[in-house]
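Structure first, then comments.
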Amino acid sequence: MPNKRSGGGLSPTQQAAKFLGVSVLAGAVLAGLALPAVGALGLAAKGSVESFDELPANMKTPPLSQRTTILDAEGGPIATVYSRDRTVVPLKDVSPYMQKAIVAIEDSRFYQHGAVDLKGVLRALNKNAQTGGVSEGASTLTQQYVKNVFVEEAGNDPTKVAQATQQTIGRKIRELKYAIQVEEELGKKKILENYLNITFFGQQAYGIEAASRRYFSKPAKDLNIQESALLAGIVQSPSRYDPVNDEAEATQRRNIVLQRMAEVGDISRAQADEAGRAPLGLKVSKPKNGCITAVKGAGFFCDYVREVFLTDPVFGKTRKQRAKVWNQGGLTIRTTLDPQAQDAAQDSIRDHVYKSDEVATAATVVQPGTGKILAMGQSRPYGFKKNETQINLSVDQAMGGGMGYQPGSTFKPIVAAAALEDGMPANKVYSSPYQMPYPSPVSACEGKQWMNDPGNPARLENENESEVGPYDMREATAKSVNTYYVQMISDIGICPVTTMAKKMGVQRADGNKMPQVPSIALGTQEMSPLTMANGYATFASRGMYCTPIAIESVSRRIGDKTKSLPVPKSTCSRAMSEKTADTINALLKGVVEDGTGSKAGLGGRPSAGKTGTTDERYAAWFVGYTPNMAGAVWVGDPAHKRKMTGITIGGRSYGKVFGGEVPGPIWRDMMSGALAGKPVEDFNDVRIPSGIDRDRDRGDDDGDRDDGGNGDDGFIGGLVGGNNGGGGGGDNPFPTPSFSIPEGLFRGQGNGGGNGNGGGGFR
């Protein structure tokens with residue numbers, strides 16, 4: 001049995017034999033360096049070297065993971081994201097002191113030897129034999145670089161990392177093989193540059209530039225003698241020599257580096273002594289990684305950009321390929337986010353809704369005609385603490401959002417657009433009674449018909465008993481008359497409405513198909529603020545729908561080269577005629593001028609929009625636009641538990657919340673700030689003649705006026721699709737659907753899932 005030293009280690013003689021054995025086994029590789037001692041081993045060195053494969057490209061220019069920078073439309077930083085915080089820099093941008101310090105302490109004969117330092121091997125052999133352990137390594141800086149490339153390629157996979165660092169003869173020989181080729185093909189300066197960029201310096205800093213900025217908040221080119229020595233000393237053991245957590249140990253190590261620099265002639269003894277007396281001088285910058293660190297409240301927009309990158313095939317055929325590019329980093333992503341609009345959105349949100357309120361708000365602004373997302377914000381910040389969330393309340397579920405919120409009466413203009421496209425006159429009159437059963441039958445897609453239950457017919461009602469027709473389209477839109485719009489959809493059929501919604505990009509937030517039920521006219525299908533804002537942008541751009549985009553350009557840095565990547569482009573298509581869009585604009589201008597959205601008006605700037613308050617007041621909306629911007633504001637409880645009655649929001653008490661009361665002013669202030677300094681544009685004027693010959697005074701409008709009604713979209717019956725209740729304040733004659741979303745589901749928006757057809761069916 002072999003003799004062992006007390007403590008379990010091998011004896012000095014055994015250590016020496018083991019070290020020598022490894023060196024002999026690597027002889028064929030070492031011979032390629034024309035070392036005289038190797039020839040005595042009698043190995044066919046020349047043949048071994050010639051049989052090497054071509055040096056892999058990753059050894060010449062390693063694909064180093066770097067930080068990705070996300071910028072706004074004007075080039076201002078939003079956030080940095082990375083799997084490893086690294087910024088690759090050329091050697092000329094690294095302080096000469098730093099270059100000398102790392103060579104002095106890690107491989108002082110770097111410029112004298114080849115890939116392997118025979119003198120270093122013999123010195124380490126002797127030192128280790130004397131100490132009885134492996135107290136000194138023999139790896140050259142080139143060998144360390146090769147090893148780091150393998151570790152870098154292993155990423156965060158613990159199995160691959162273990163394989164890249166395992167202490168085996170095979171791994172050593174492979175490293176030596178590549179080290180020889182690296183020396184021959186790259187040269188000393190490039191090897192040093194690559195080494196400084198790949199090495200880990202602790203505190204989440206990879207590479208010298210990130211390390212310099214982490215510990216001293218300055219670029220690597222500005223490092224002085226003592227700072228360079230400190231960083232060079234960390235490399236051997238980043239945890240042990242961490243200056244943030246152990247100043248004494250780090251100082252001692254720094255001074256060892258300084259003395260070594262003096263020994264090899266890089267600096268004088270006097271310089272070393274003076275630098276050794278200096279304090280560490282740390283000026284630590286905390287790591288800022290991820291969308292949680294985004295400025296201007298743009299954390300959720302940042303997260304949306306990441307989702308776009310990971311889901312759009314333009315960045316890679318598979319999600320795995322796209323994720324690899326994202327994690328590799330080195331990207332500079334310029335987005336569509338307009339800093340003025342984003343500031344305006346966040347300021348308005350902050351003024352009207354507190355993050356600690358029982359309900360939340362989310363707002364999105366887009367540019368008509370381009371699909372560019374200009375602003376995206378919400379009252380509950382991005383984070384993990386109380387009153388914070390990771391759910392983006394502005395977007396669809398597939399893009400990091402929830403299951404959406406019923407838009408209520410903000411969906412009615414889509415019904416009107418479908419009717420106008422179908423040839424209905426803009427002054428169409430319906431009887432619009434206060435209460436009525438849903439008409440039956442109603443035509444649906446694929447030749448089907450929706451039928452009300454004759455034995456227990458679903459019914460609906462307007463907000464107030466004073467709302468009794470007849471009404472024409474302008475007045476019914478301004479007052480958001482429910483029965484008018486249900487008569488309209490029953491007249492033209494459900495399919496034209498769902499088809500128009502699809503053309504406008506208006507879809508359910510959970511990705512499910514919109515059901516063929518007449519109640520969709522009242523906004524019963526859960527949708528996101530981004531969907532509604534971009535849908536209304538179709539009206540603003542006179543009928544042209546453009547898919548939403550968040551990314552303007554992407555450049556990727558690999559080594560010292562930068563290349564541009566393709567990005568998703570907005571696809572624009574005509575959703576309706578210009579005449580139809582102009583007519584809708586005229587109708588919705590009336591909502592803002594003297595209808596339910598009067599509190600959202602922009603003064604002298606022409607605007608149009610629509611209010612919405614859902615059944616039971618779980619959500620309230622204002623969606624509006626000018627010719628150059630469109631925005632949507634939602635207010636409600638994301639968990640769909642808190643009705644907005646008897647509630648305090650933003651420090652103000654409300655008996656009942658209406659779309660024109662809370663979301664309207666948020667929209668007004670947001671858009672006013674976003675449009676400040678922008679050209680004042682007007683809509684194409686369209687005159688809509690009255691469909692009623694006599695003047696009529698109907699009193700107050702719908703539930704978006706605080707007049708004690710039952711709700712903007714209140715109606716009786718189970719047709720709401722997303723809720724289980726009937727009209728505001730009334731009893732529900734229909735049972736709760738047989739399925740439900742689990743209580744407490746954060747992303748939910750009602751117990752019916754949006755697909756009920758309440759008391760009716762198809763035939």
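To be explicit about the labels: the chains of the structure tokens are called A, B, and onward in the order shown, and within each one the residues are counted from 1, while ligands get numbers from 1 in the order they are shown.
Every residue of range 616-705 of chain A with a DSSP assignment of strand (DSSP E or B), taken from the backbone, is listed as Ala619, Ala620, Trp621, Phe622, Val623, Gly624, Tyr625, Thr626, Met629, Ala630, Gly631, Ala632, Val633, Trp634, Val635, Gly636, Thr645, Gly646, Ile647, Thr648, Ile649, Arg652, Ser653, Tyr654, Gly655 and Lys656 of chain A.
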Checklist line | Residue contacts of Val497 in chain A (6 Å, only C-alpha atoms) excluding same-chain residues fewer than 3 positions away, as a PyMOL selection string | finding: chain A and resi 415+418+494+500
Emit the selected residues as a tab-separated table (two decimals), in the first residue's frame, including N, CA, C and O atoms.
```
chain	number	residue	atom	x	y	z
A	415	VAL	N	-67.86	47.18	-33.56
A	415	VAL	CA	-69.16	46.75	-34.09
A	415	VAL	C	-69.66	47.77	-35.11
A	415	VAL	O	-70.14	47.40	-36.20
A	418	ALA	N	-67.80	47.46	-38.40
A	418	ALA	CA	-68.27	46.31	-39.17
A	418	ALA	C	-69.60	46.63	-39.85
A	418	ALA	O	-69.82	46.27	-41.02
A	494	ILE	N	-72.98	38.22	-36.30
A	494	ILE	CA	-71.79	38.19	-35.44
A	494	ILE	C	-70.51	38.10	-36.26
A	494	ILE	O	-69.49	38.70	-35.92
A	500	MET	N	-64.01	41.84	-38.48
A	500	MET	CA	-63.45	43.19	-38.36
A	500	MET	C	-62.45	43.25	-37.21
A	500	MET	O	-61.37	43.85	-37.33
```
Next item on the list: Could you please determine the separation between CA of Gly636 in chain A and CA of Phe309 in chain A in Å, to one decimal place?
Entry: 29.5 Å
Checklist line | Within 12 Å of Pro243 in chain A using only C-alpha atoms, minus same-chain residues under 4 positions, as a VMD selection string | finding: chain A and resid 201 to 203 211 214 to 216 227 230 to 231 233 to 235 237 to 239 247 to 254 279 to 284
Let's have the selection written as a CSV table (one decimal), in the first residue's frame, with N, CA, C and O atoms.
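Printed below is selection.csv as written:
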```csv
chain,number,residue,atom,x,y,z
A,201,PHE,N,-13.4,38.0,-12.6
A,201,PHE,CA,-12.8,38.8,-11.6
A,201,PHE,C,-13.7,38.9,-10.3
A,201,PHE,O,-13.4,39.7,-9.5
A,202,GLY,N,-14.6,38.0,-10.2
A,202,GLY,CA,-15.5,38.1,-9.0
A,202,GLY,C,-16.6,39.1,-9.1
A,202,GLY,O,-16.6,39.9,-10.0
A,203,GLN,N,-17.5,39.1,-8.1
A,203,GLN,CA,-18.6,40.1,-8.0
A,203,GLN,C,-19.3,40.2,-9.4
A,203,GLN,O,-19.7,41.3,-9.8
A,211,ALA,N,-14.9,44.4,-14.7
A,211,ALA,CA,-14.2,44.4,-13.4
A,211,ALA,C,-13.8,45.8,-13.0
A,211,ALA,O,-14.0,46.2,-11.8
A,214,ARG,N,-16.9,47.6,-12.1
A,214,ARG,CA,-17.5,47.1,-10.9
A,214,ARG,C,-16.8,47.6,-9.6
A,214,ARG,O,-17.4,48.1,-8.7
A,215,TYR,N,-15.5,47.5,-9.6
A,215,TYR,CA,-14.7,47.8,-8.4
A,215,TYR,C,-14.4,49.3,-8.3
A,215,TYR,O,-14.3,49.9,-7.2
A,216,PHE,N,-14.2,50.0,-9.4
A,216,PHE,CA,-13.7,51.4,-9.4
A,216,PHE,C,-14.5,52.3,-10.2
A,216,PHE,O,-14.2,53.5,-10.2
A,227,GLU,N,-4.6,49.9,-8.5
A,227,GLU,CA,-5.9,49.3,-9.0
A,227,GLU,C,-5.6,48.1,-9.9
A,227,GLU,O,-6.3,47.1,-9.8
A,230,LEU,N,-4.5,45.2,-7.8
A,230,LEU,CA,-5.6,44.6,-7.1
A,230,LEU,C,-6.4,43.6,-7.9
A,230,LEU,O,-6.7,42.5,-7.6
A,231,LEU,N,-6.8,44.1,-9.1
A,231,LEU,CA,-7.6,43.3,-10.0
A,231,LEU,C,-6.8,42.0,-10.5
A,231,LEU,O,-7.3,40.9,-10.6
A,233,GLY,N,-4.6,40.5,-8.9
A,233,GLY,CA,-4.5,39.5,-7.8
A,233,GLY,C,-5.7,38.7,-7.5
A,233,GLY,O,-5.7,37.6,-7.0
A,234,ILE,N,-6.9,39.3,-7.9
A,234,ILE,CA,-8.2,38.6,-7.7
A,234,ILE,C,-8.3,37.3,-8.5
A,234,ILE,O,-8.9,36.3,-8.1
A,235,VAL,N,-7.7,37.3,-9.7
A,235,VAL,CA,-7.9,36.2,-10.7
A,235,VAL,C,-7.6,34.8,-10.1
A,235,VAL,O,-8.4,33.9,-10.3
A,237,SER,N,-8.0,33.6,-7.1
A,237,SER,CA,-9.1,33.1,-6.3
A,237,SER,C,-10.1,34.3,-6.0
A,237,SER,O,-9.9,35.0,-5.0
A,238,PRO,N,-11.1,34.5,-6.9
A,238,PRO,CA,-12.0,35.6,-6.8
A,238,PRO,C,-12.7,35.7,-5.5
A,238,PRO,O,-13.0,36.8,-5.0
A,239,SER,N,-13.0,34.5,-4.9
A,239,SER,CA,-13.8,34.6,-3.6
A,239,SER,C,-12.8,34.9,-2.5
A,239,SER,O,-13.2,35.7,-1.6
A,247,GLU,N,-11.2,43.1,2.9
A,247,GLU,CA,-10.2,44.1,2.5
A,247,GLU,C,-8.8,43.7,2.8
A,247,GLU,O,-7.9,44.0,2.0
A,248,ALA,N,-8.6,43.1,4.0
A,248,ALA,CA,-7.2,42.8,4.4
A,248,ALA,C,-6.6,41.8,3.5
A,248,ALA,O,-5.4,41.9,3.1
A,249,GLU,N,-7.3,40.7,3.2
A,249,GLU,CA,-6.8,39.7,2.3
A,249,GLU,C,-6.5,40.2,1.0
A,249,GLU,O,-5.5,39.9,0.3
A,250,ALA,N,-7.4,41.1,0.5
A,250,ALA,CA,-7.2,41.6,-0.9
A,250,ALA,C,-6.1,42.6,-0.9
A,250,ALA,O,-5.3,42.6,-1.9
A,251,THR,N,-5.9,43.3,0.2
A,251,THR,CA,-4.7,44.2,0.2
A,251,THR,C,-3.4,43.5,0.2
A,251,THR,O,-2.5,43.8,-0.5
A,252,GLN,N,-3.3,42.4,1.0
A,252,GLN,CA,-2.1,41.6,1.1
A,252,GLN,C,-1.8,41.0,-0.3
A,252,GLN,O,-0.7,41.0,-0.8
A,253,ARG,N,-2.8,40.5,-1.0
A,253,ARG,CA,-2.6,40.0,-2.3
A,253,ARG,C,-2.2,41.0,-3.3
A,253,ARG,O,-1.3,40.8,-4.1
A,254,ARG,N,-2.8,42.2,-3.2
A,254,ARG,CA,-2.4,43.3,-4.1
A,254,ARG,C,-1.0,43.6,-4.0
A,254,ARG,O,-0.2,43.8,-5.0
A,279,PRO,N,-4.6,53.2,0.1
A,279,PRO,CA,-5.8,52.4,0.4
A,279,PRO,C,-6.3,51.8,-0.9
A,279,PRO,O,-5.9,52.1,-2.0
A,280,LEU,N,-7.2,50.8,-0.7
A,280,LEU,CA,-7.7,50.1,-1.9
A,280,LEU,C,-8.5,51.1,-2.9
A,280,LEU,O,-8.5,50.9,-4.1
A,281,GLY,N,-9.1,52.1,-2.3
A,281,GLY,CA,-9.8,53.1,-3.1
A,281,GLY,C,-11.0,52.6,-3.9
A,281,GLY,O,-11.2,53.0,-5.1
A,282,LEU,N,-11.7,51.6,-3.4
A,282,LEU,CA,-12.8,51.1,-4.1
A,282,LEU,C,-13.9,52.1,-4.3
A,282,LEU,O,-14.2,52.9,-3.4
A,283,LYS,N,-14.6,52.0,-5.4
A,283,LYS,CA,-15.7,52.8,-5.7
A,283,LYS,C,-16.7,51.9,-6.4
A,283,LYS,O,-16.8,51.9,-7.6
A,284,VAL,N,-17.3,51.0,-5.6
A,284,VAL,CA,-18.1,49.9,-6.2
A,284,VAL,C,-19.4,50.3,-6.8
A,284,VAL,O,-20.1,51.1,-6.3
```
Next item on the list: Do a neighbour search on Gln346 in chain A at 9 Å with only C-alpha atoms, toss out local chain neighbours closer than 2 positions, and write the hits as a PyMOL selection string.
Entry: chain A and resi 296-298+341-344+348-351+363+375-379+670
Next item on the list: Name the residues in contact with range 424-441 of chain A at a cut-off of 8 Å, using only C-alpha atoms, excluding same-chain residues fewer than 2 positions from it; report them as JSON, numbers by chain.
Entry: {"A": [419, 420, 421, 422, 443, 449, 450, 451, 452, 457, 458, 459, 460, 461, 462, 464, 465, 466, 467, 468, 469, 470, 471, 472, 473, 474, 481, 482, 483, 484, 486, 487, 488, 490, 518, 583, 688, 689, 690, 691, 692]}
Next item on the list: Please identify all polymer residues within 8 Å of Ala360 in chain A, counting only C-alpha atoms, omitting same-chain residues fewer than 5 positions from it, and present them as a list in words.
Entry: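 The residues that qualify are Val353, Tyr354, Lys355, Gln378, Ser379, Arg380, Val635, Gly636, Asp637 and Pro638 of chain A.
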Could those selected residues go to a file with N, CA, C and O atoms, as a tab-separated table (two decimals), in the first residue's frame?
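Just written: result30.tsv:
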```tsv
chain	number	residue	atom	x	y	z
A	353	VAL	N	-53.07	56.82	-9.68
A	353	VAL	CA	-53.24	55.51	-9.04
A	353	VAL	C	-51.97	55.18	-8.26
A	353	VAL	O	-50.87	55.22	-8.82
A	354	TYR	N	-52.11	54.84	-6.98
A	354	TYR	CA	-50.96	54.49	-6.16
A	354	TYR	C	-50.69	52.99	-6.28
A	354	TYR	O	-51.61	52.19	-6.46
A	355	LYS	N	-49.43	52.62	-6.13
A	355	LYS	CA	-49.09	51.20	-6.24
A	355	LYS	C	-49.69	50.38	-5.10
A	355	LYS	O	-49.87	49.17	-5.23
A	378	GLN	N	-47.40	50.82	-15.88
A	378	GLN	CA	-48.45	50.39	-14.97
A	378	GLN	C	-48.14	50.85	-13.56
A	378	GLN	O	-47.00	51.21	-13.24
A	379	SER	N	-49.17	50.83	-12.72
A	379	SER	CA	-49.02	51.38	-11.37
A	379	SER	C	-48.27	50.45	-10.43
A	379	SER	O	-47.67	50.91	-9.46
A	380	ARG	N	-48.32	49.16	-10.68
A	380	ARG	CA	-47.59	48.22	-9.82
A	380	ARG	C	-46.24	47.92	-10.47
A	380	ARG	O	-46.17	47.34	-11.54
A	635	VAL	N	-58.18	50.32	-15.79
A	635	VAL	CA	-58.11	50.38	-14.33
A	635	VAL	C	-58.96	49.24	-13.78
A	635	VAL	O	-60.10	49.03	-14.23
A	636	GLY	N	-58.42	48.49	-12.84
A	636	GLY	CA	-59.19	47.41	-12.25
A	636	GLY	C	-58.33	46.53	-11.37
A	636	GLY	O	-57.14	46.78	-11.16
A	637	ASP	N	-58.95	45.49	-10.84
A	637	ASP	CA	-58.25	44.52	-10.01
A	637	ASP	C	-57.79	43.37	-10.91
A	637	ASP	O	-58.63	42.66	-11.46
A	638	PRO	N	-56.47	43.17	-11.07
A	638	PRO	CA	-56.00	42.08	-11.94
A	638	PRO	C	-56.52	40.72	-11.51
A	638	PRO	O	-56.67	39.82	-12.34
```
Next item on the list: For CA of Val89 in chain A and CA of Gln66 in chain A, quote the distance in Å rounded to one decimal.
Entry: 11.0 Å
Checklist line | Surrounding residues of range 536-543 of chain A excluding itself and chain neighbours under 2 positions, 9 Å, only C-alpha atoms, as JSON, numbers by chain | finding: {"A": [366, 367, 368, 369, 371, 413, 414, 504, 531, 532, 533, 534, 545, 546, 573, 574, 575, 576, 577, 578, 579, 580, 581, 582, 584, 585, 608, 609, 623, 624, 625, 626, 627, 628, 629, 630, 631, 632, 683, 684]}
Next, write the just-selected residues to a file, as a short mmCIF file (atom, residue, chain, number, x, y, z; two decimals), in the first residue's frame, keeping N, CA, C and O atoms as the atom set.
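See result34.cif below for the written result:
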```cif
data_model
loop_
_atom_site.label_atom_id
_atom_site.label_comp_id
_atom_site.auth_asym_id
_atom_site.auth_seq_id
_atom_site.Cartn_x
_atom_site.Cartn_y
_atom_site.Cartn_z
N VAL A 366 -49.34 53.80 -28.72
CA VAL A 366 -48.75 53.34 -29.98
C VAL A 366 -48.87 54.44 -31.03
O VAL A 366 -49.65 55.38 -30.89
N GLN A 367 -48.11 54.30 -32.09
CA GLN A 367 -48.12 55.28 -33.18
C GLN A 367 -48.95 54.74 -34.34
O GLN A 367 -48.61 53.71 -34.92
N PRO A 368 -50.02 55.42 -34.69
CA PRO A 368 -50.83 54.97 -35.83
C PRO A 368 -50.02 54.97 -37.13
O PRO A 368 -49.19 55.84 -37.36
N GLY A 369 -50.26 53.97 -37.94
CA GLY A 369 -49.60 53.90 -39.24
C GLY A 369 -48.25 53.22 -39.23
O GLY A 369 -47.69 52.93 -40.29
N GLY A 371 -47.33 51.09 -36.04
CA GLY A 371 -47.37 50.02 -35.04
C GLY A 371 -46.33 50.17 -33.94
O GLY A 371 -46.22 49.30 -33.07
N PRO A 413 -67.15 50.55 -30.94
CA PRO A 413 -66.75 51.11 -32.24
C PRO A 413 -66.35 50.05 -33.27
O PRO A 413 -66.49 50.30 -34.47
N ILE A 414 -65.88 48.91 -32.81
CA ILE A 414 -65.53 47.83 -33.74
C ILE A 414 -66.81 47.27 -34.36
O ILE A 414 -66.85 46.96 -35.56
N MET A 504 -58.36 44.20 -37.30
CA MET A 504 -57.80 45.27 -36.48
C MET A 504 -56.83 44.75 -35.42
O MET A 504 -56.36 45.52 -34.58
N THR A 531 -53.51 45.62 -27.10
CA THR A 531 -54.42 45.23 -28.18
C THR A 531 -55.42 46.33 -28.49
O THR A 531 -55.65 46.67 -29.66
N MET A 532 -56.01 46.92 -27.46
CA MET A 532 -57.02 47.95 -27.68
C MET A 532 -56.40 49.23 -28.22
O MET A 532 -56.97 49.89 -29.11
N ALA A 533 -55.23 49.62 -27.72
CA ALA A 533 -54.58 50.83 -28.22
C ALA A 533 -54.23 50.68 -29.69
O ALA A 533 -54.46 51.59 -30.50
N ASN A 534 -53.68 49.53 -30.06
CA ASN A 534 -53.28 49.34 -31.44
C ASN A 534 -54.49 49.15 -32.35
O ASN A 534 -54.46 49.52 -33.52
N TYR A 545 -54.38 48.98 -40.51
CA TYR A 545 -53.90 48.31 -39.28
C TYR A 545 -52.45 47.91 -39.47
O TYR A 545 -52.07 47.34 -40.50
N CYS A 546 -51.62 48.20 -38.47
CA CYS A 546 -50.21 47.82 -38.49
C CYS A 546 -49.90 47.00 -37.24
O CYS A 546 -50.25 47.40 -36.13
N SER A 573 -51.96 46.52 -43.19
CA SER A 573 -52.99 46.07 -44.13
C SER A 573 -54.25 46.89 -43.91
O SER A 573 -54.48 47.41 -42.82
N ARG A 574 -55.05 46.99 -44.94
CA ARG A 574 -56.28 47.77 -44.82
C ARG A 574 -57.35 46.96 -44.12
O ARG A 574 -57.74 45.89 -44.59
N ALA A 575 -57.83 47.47 -43.01
CA ALA A 575 -58.87 46.78 -42.24
C ALA A 575 -60.25 47.28 -42.61
O ALA A 575 -61.24 46.55 -42.47
N MET A 576 -60.32 48.53 -43.09
CA MET A 576 -61.61 49.13 -43.45
C MET A 576 -61.34 50.28 -44.41
O MET A 576 -60.20 50.74 -44.55
N SER A 577 -62.37 50.76 -45.04
CA SER A 577 -62.20 51.88 -45.97
C SER A 577 -61.90 53.16 -45.21
O SER A 577 -62.20 53.28 -44.01
N GLU A 578 -61.30 54.12 -45.90
CA GLU A 578 -61.05 55.42 -45.28
C GLU A 578 -62.35 56.07 -44.84
O GLU A 578 -62.42 56.71 -43.79
N LYS A 579 -63.42 55.89 -45.63
CA LYS A 579 -64.70 56.49 -45.29
C LYS A 579 -65.23 55.92 -43.97
O LYS A 579 -65.73 56.67 -43.13
N THR A 580 -65.11 54.60 -43.81
CA THR A 580 -65.56 53.99 -42.56
C THR A 580 -64.76 54.53 -41.37
O THR A 580 -65.33 54.89 -40.33
N ALA A 581 -63.43 54.57 -41.52
CA ALA A 581 -62.59 55.06 -40.43
C ALA A 581 -62.90 56.51 -40.11
O ALA A 581 -62.99 56.90 -38.93
N ASP A 582 -63.08 57.33 -41.15
CA ASP A 582 -63.40 58.75 -40.92
C ASP A 582 -64.73 58.90 -40.19
O ASP A 582 -64.90 59.78 -39.33
N ILE A 584 -66.10 56.65 -38.11
CA ILE A 584 -65.86 56.25 -36.71
C ILE A 584 -65.18 57.39 -35.95
O ILE A 584 -65.53 57.68 -34.79
N ASN A 585 -64.23 58.05 -36.58
CA ASN A 585 -63.54 59.16 -35.94
C ASN A 585 -64.52 60.27 -35.56
O ASN A 585 -64.45 60.86 -34.48
N ALA A 608 -60.31 61.70 -30.20
CA ALA A 608 -61.49 60.84 -30.24
C ALA A 608 -61.25 59.67 -29.31
O ALA A 608 -60.10 59.30 -29.04
N GLY A 609 -62.34 59.07 -28.81
CA GLY A 609 -62.14 57.94 -27.91
C GLY A 609 -63.44 57.37 -27.42
O GLY A 609 -64.53 57.85 -27.76
N VAL A 623 -60.11 54.36 -24.11
CA VAL A 623 -59.24 54.14 -25.26
C VAL A 623 -59.49 55.28 -26.23
O VAL A 623 -60.64 55.55 -26.61
N GLY A 624 -58.44 55.99 -26.59
CA GLY A 624 -58.61 57.15 -27.46
C GLY A 624 -57.38 57.42 -28.30
O GLY A 624 -56.36 56.73 -28.18
N TYR A 625 -57.49 58.47 -29.12
CA TYR A 625 -56.41 58.73 -30.06
C TYR A 625 -56.52 60.13 -30.66
O TYR A 625 -57.57 60.77 -30.62
N THR A 626 -55.40 60.57 -31.17
CA THR A 626 -55.31 61.71 -32.07
C THR A 626 -54.80 61.13 -33.39
O THR A 626 -54.46 59.94 -33.44
N PRO A 627 -54.69 61.92 -34.45
CA PRO A 627 -54.15 61.35 -35.68
C PRO A 627 -52.73 60.82 -35.56
O PRO A 627 -52.32 59.97 -36.36
N ASN A 628 -51.97 61.27 -34.53
CA ASN A 628 -50.57 60.83 -34.44
C ASN A 628 -50.24 59.96 -33.22
O ASN A 628 -49.11 59.50 -33.08
N MET A 629 -51.19 59.71 -32.35
CA MET A 629 -50.96 58.79 -31.23
C MET A 629 -52.27 58.14 -30.79
O MET A 629 -53.32 58.79 -30.83
N ALA A 630 -52.16 56.88 -30.36
CA ALA A 630 -53.32 56.18 -29.82
C ALA A 630 -52.93 55.55 -28.49
O ALA A 630 -51.82 55.03 -28.35
N GLY A 631 -53.84 55.62 -27.53
CA GLY A 631 -53.51 55.09 -26.21
C GLY A 631 -54.69 54.43 -25.54
O GLY A 631 -55.85 54.78 -25.79
N ALA A 632 -54.40 53.45 -24.69
CA ALA A 632 -55.44 52.76 -23.93
C ALA A 632 -55.06 52.76 -22.46
O ALA A 632 -53.90 52.53 -22.11
N PHE A 683 -58.57 65.34 -37.76
CA PHE A 683 -59.12 64.22 -38.50
C PHE A 683 -59.75 64.72 -39.80
O PHE A 683 -60.07 65.90 -39.95
N ASN A 684 -59.91 63.81 -40.73
CA ASN A 684 -60.62 64.13 -41.96
C ASN A 684 -62.10 64.33 -41.62
O ASN A 684 -62.74 63.43 -41.09
#
```
Checklist line | Secondary structure check, alpha helix (DSSP H) residues of range 266-478 of chain A, as an NGL selection string | finding: :A and (269-277 or 299-311 or 319-328 or 339-352 or 412-421 or 473-478)
Next item on the list: Go ahead and compute the interatomic distance for CA of Leu588 in chain A and CA of His352 in chain A, in Å to one decimal.
Entry: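 Taking CA of Leu588 in chain A and CA of His352 in chain A, their separation equals 24.1 Å.
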Notebook entry, point to check: A:Val88, A:Val365, A:Val146, A:Ala478: which is nearest Val592 in chain A, counting only C-alpha atoms?
Noted result: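 Using only C-alpha atoms, the shortest distance to Val592 in chain A belongs to A:Ala478.
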